[in-house]
Amino acid sequence: MAAPRDNVTLLFKLYCLAVMTLMAAAYTIALRYTRTSDKELYFSTTAVCITEVIKLLLSVGILAKETGSLGRFKASLRENVLGSPKELLKLSVPSLVYAVQNNMAFLALSNLDAAVYQVTYQLKIPCTALCTVLMLNRTLSKLQWVSVFMLCAGVTLVQWKPAQATKVVVEQNPLLGFGAIAIAVLCSGFAGVYFEKVLKSSDTSLWFLQVLVASTLLLWLSTQTTS
């Protein structure tokens, strides 16, 4: 029997790669600009909260389309929220970790140049690879391990003699920035692999899991904002 052909074209893959690259670059530059301008500074928790509200609305919309009707959508919510407290408890772990990661990204970009942040943050790739080996019991090929170490070496070389940072009007603490990146990298690797592990061990829809993650994260952020 012939193997199933991949219906995704190379052009579409390149398009997705280009869009994701532009989004990541635009996110970093915009966040850096808003954290270093001379205007009144906003709370990072507020920005993260607004982001999660948008993600929650999008996930709910896609989930409602998946279920097909309002009745089935409500029944799915009751079954997976009220009927699965253990699942909700599992997903509270990555929710809290993502909250820490997002706030650390704001702290890092408040104290580091956008280029330095973007390059250093790529250490999340070897961190994710390590978490995959430890948590999912996967094995990486020699080529994959070489690629991971080459990435680490590249980040080290970039930081060996960093380019002159752009002038900003706020006081910066590079040590605090690198510490924040380190925490964000660890959170990113752990939360991503943990969420994959939960996803593989659950029959629940991916979009419903996203709703649960966003809801738990919003609940935690609301307590932090009001306290």
# chains A, B, ... in the order shown; residues from 1 in each chain; ligands from 1
call {"tool": "select_by_dssp", "arguments": {"residues": "chain A", "states": "alpha helix (DSSP H)", "output": "count of residues only"}}
result
173
call {"tool": "residues_around", "arguments": {"residues": "Ile62 of chain A", "least_positions_apart": "3", "cutoff": "12 Å", "atoms": "only C-alpha atoms", "output": "number ranges by chain"}}
result
A: 55-59, 65-69, 73, 205-211
call {"tool": "write_last_selection", "arguments": {"atoms": "N, CA, C and O atoms", "output": "mmCIF file, in the first residue's frame"}}
result
data_model
loop_
_atom_site.group_PDB
_atom_site.id
_atom_site.type_symbol
_atom_site.label_atom_id
_atom_site.label_comp_id
_atom_site.auth_asym_id
_atom_site.auth_seq_id
_atom_site.Cartn_x
_atom_site.Cartn_y
_atom_site.Cartn_z
ATOM 1 N N LYS A 55 -7.028 35.447 22.857
ATOM 2 C CA LYS A 55 -6.837 34.022 22.586
ATOM 3 C C LYS A 55 -8.048 33.209 23.028
ATOM 4 O O LYS A 55 -8.458 32.262 22.345
ATOM 5 N N LEU A 56 -8.635 33.588 24.158
ATOM 6 C CA LEU A 56 -9.812 32.882 24.662
ATOM 7 C C LEU A 56 -10.989 33.037 23.708
ATOM 8 O O LEU A 56 -11.683 32.062 23.396
ATOM 9 N N LEU A 57 -11.219 34.253 23.220
ATOM 10 C CA LEU A 57 -12.325 34.500 22.295
ATOM 11 C C LEU A 57 -12.138 33.730 20.984
ATOM 12 O O LEU A 57 -13.095 33.144 20.453
ATOM 13 N N LEU A 58 -10.906 33.717 20.472
ATOM 14 C CA LEU A 58 -10.633 32.981 19.240
ATOM 15 C C LEU A 58 -10.833 31.479 19.436
ATOM 16 O O LEU A 58 -11.423 30.800 18.579
ATOM 17 N N SER A 59 -10.355 30.950 20.568
ATOM 18 C CA SER A 59 -10.495 29.515 20.847
ATOM 19 C C SER A 59 -11.950 29.130 21.020
ATOM 20 O O SER A 59 -12.392 28.077 20.535
ATOM 21 N N LYS A 65 -17.505 26.474 16.392
ATOM 22 C CA LYS A 65 -17.638 26.023 15.002
ATOM 23 C C LYS A 65 -17.424 24.517 14.899
ATOM 24 O O LYS A 65 -18.061 23.833 14.093
ATOM 25 N N GLU A 66 -16.493 23.986 15.723
ATOM 26 C CA GLU A 66 -16.215 22.550 15.728
ATOM 27 C C GLU A 66 -17.420 21.748 16.202
ATOM 28 O O GLU A 66 -17.750 20.720 15.628
ATOM 29 N N THR A 67 -18.069 22.205 17.266
ATOM 30 C CA THR A 67 -19.202 21.474 17.836
ATOM 31 C C THR A 67 -20.432 21.546 16.942
ATOM 32 O O THR A 67 -21.257 20.635 16.946
ATOM 33 N N GLY A 68 -20.592 22.629 16.204
ATOM 34 C CA GLY A 68 -21.666 22.709 15.227
ATOM 35 C C GLY A 68 -22.941 23.367 15.694
ATOM 36 O O GLY A 68 -23.694 23.897 14.893
ATOM 37 N N SER A 69 -23.220 23.335 16.989
ATOM 38 C CA SER A 69 -24.452 23.954 17.492
ATOM 39 C C SER A 69 -24.215 24.477 18.906
ATOM 40 O O SER A 69 -23.301 24.022 19.609
ATOM 41 N N PHE A 73 -22.211 22.796 22.123
ATOM 42 C CA PHE A 73 -21.132 23.604 22.691
ATOM 43 C C PHE A 73 -21.293 23.720 24.210
ATOM 44 O O PHE A 73 -20.328 23.547 24.959
ATOM 45 N N SER A 205 -10.675 18.093 22.762
ATOM 46 C CA SER A 205 -10.271 18.897 21.601
ATOM 47 C C SER A 205 -9.139 19.851 21.977
ATOM 48 O O SER A 205 -9.086 20.377 23.084
ATOM 49 N N LEU A 206 -8.236 20.058 21.030
ATOM 50 C CA LEU A 206 -7.131 20.988 21.238
ATOM 51 C C LEU A 206 -7.649 22.376 21.578
ATOM 52 O O LEU A 206 -7.103 23.042 22.465
ATOM 53 N N TRP A 207 -8.695 22.826 20.897
ATOM 54 C CA TRP A 207 -9.211 24.177 21.123
ATOM 55 C C TRP A 207 -9.872 24.293 22.488
ATOM 56 O O TRP A 207 -9.834 25.350 23.107
ATOM 57 N N PHE A 208 -10.467 23.180 22.961
ATOM 58 C CA PHE A 208 -11.037 23.235 24.304
ATOM 59 C C PHE A 208 -9.937 23.309 25.357
ATOM 60 O O PHE A 208 -10.071 24.009 26.371
ATOM 61 N N LEU A 209 -8.840 22.606 25.110
ATOM 62 C CA LEU A 209 -7.701 22.708 26.029
ATOM 63 C C LEU A 209 -7.155 24.131 26.044
ATOM 64 O O LEU A 209 -6.761 24.644 27.095
ATOM 65 N N GLN A 210 -7.142 24.777 24.873
ATOM 66 C CA GLN A 210 -6.695 26.171 24.809
ATOM 67 C C GLN A 210 -7.631 27.078 25.606
ATOM 68 O O GLN A 210 -7.185 28.024 26.269
ATOM 69 N N VAL A 211 -8.927 26.796 25.544
ATOM 70 C CA VAL A 211 -9.906 27.570 26.328
ATOM 71 C C VAL A 211 -9.630 27.413 27.818
ATOM 72 O O VAL A 211 -9.637 28.385 28.584
#
call {"tool": "closest_residue", "arguments": {"among": "A:Leu96, A:Val48, A:Ala184, A:Cys127", "to": "Ala108 of chain A", "atoms": "only C-alpha atoms"}}
result
A:Ala184
call {"tool": "residues_around", "arguments": {"residues": "Ala180 of chain A", "least_positions_apart": "3", "cutoff": "7 Å", "atoms": "only C-alpha atoms", "output": "PyMOL selection string"}}
result
chain A and resi 104-105+107-108+176-177+183-184
call {"tool": "atom_distance", "arguments": {"atom1": "atom CA of Asp203 of chain A", "atom2": "atom CA of Val97 of chain A"}}
result
22.8 Å
call {"tool": "atom_distance", "arguments": {"atom1": "atom CA of Leu151 of chain A", "atom2": "atom CA of Pro126 of chain A"}}
result
7.9 Å
call {"tool": "residues_around", "arguments": {"residues": "segment 110-116 of chain A", "least_positions_apart": "6", "cutoff": "6 Å", "atoms": "only C-alpha atoms", "output": "CSV table (one decimal) with all heavy atoms, in the first residue's frame"}}
result
chain,number,residue,atom,x,y,z
A,35,ARG,N,8.1,49.4,25.9
A,35,ARG,CA,8.7,49.3,27.2
A,35,ARG,C,9.9,50.3,27.4
A,35,ARG,O,10.3,50.4,28.6
A,35,ARG,CB,9.3,47.9,27.5
A,35,ARG,CG,8.2,46.8,27.4
A,35,ARG,CD,7.1,47.0,28.4
A,35,ARG,NE,7.5,46.8,29.8
A,35,ARG,CZ,6.7,46.9,30.8
A,35,ARG,NH1,5.4,47.3,30.7
A,35,ARG,NH2,7.1,46.7,32.1
A,165,ALA,N,23.9,48.8,21.9
A,165,ALA,CA,22.5,48.9,22.1
A,165,ALA,C,21.9,50.2,21.6
A,165,ALA,O,22.6,51.2,21.6
A,165,ALA,CB,22.2,48.6,23.5
A,172,GLN,N,18.3,50.8,32.4
A,172,GLN,CA,18.2,49.3,32.1
A,172,GLN,C,19.2,48.6,33.0
A,172,GLN,O,20.2,49.1,33.4
A,172,GLN,CB,18.6,49.1,30.6
A,172,GLN,CG,17.6,49.7,29.7
A,172,GLN,CD,18.0,49.3,28.2
A,172,GLN,OE1,17.3,48.6,27.6
A,172,GLN,NE2,19.1,49.8,27.7
A,173,ASN,N,18.9,47.3,33.3
A,173,ASN,CA,19.7,46.5,34.0
A,173,ASN,C,19.9,45.2,33.3
A,173,ASN,O,19.1,44.3,33.3
A,173,ASN,CB,19.0,46.2,35.4
A,173,ASN,CG,19.9,45.4,36.3
A,173,ASN,OD1,20.9,44.7,35.9
A,173,ASN,ND2,19.6,45.4,37.6
A,174,PRO,N,21.0,45.1,32.5
A,174,PRO,CA,21.2,43.9,31.6
A,174,PRO,C,21.2,42.6,32.4
A,174,PRO,O,20.7,41.6,31.9
A,174,PRO,CB,22.6,44.1,31.0
A,174,PRO,CG,22.8,45.6,31.1
A,174,PRO,CD,22.1,46.1,32.3
A,177,GLY,N,17.8,41.6,32.9
A,177,GLY,CA,17.3,41.2,31.7
A,177,GLY,C,17.6,39.7,31.3
A,177,GLY,O,16.8,38.9,30.9
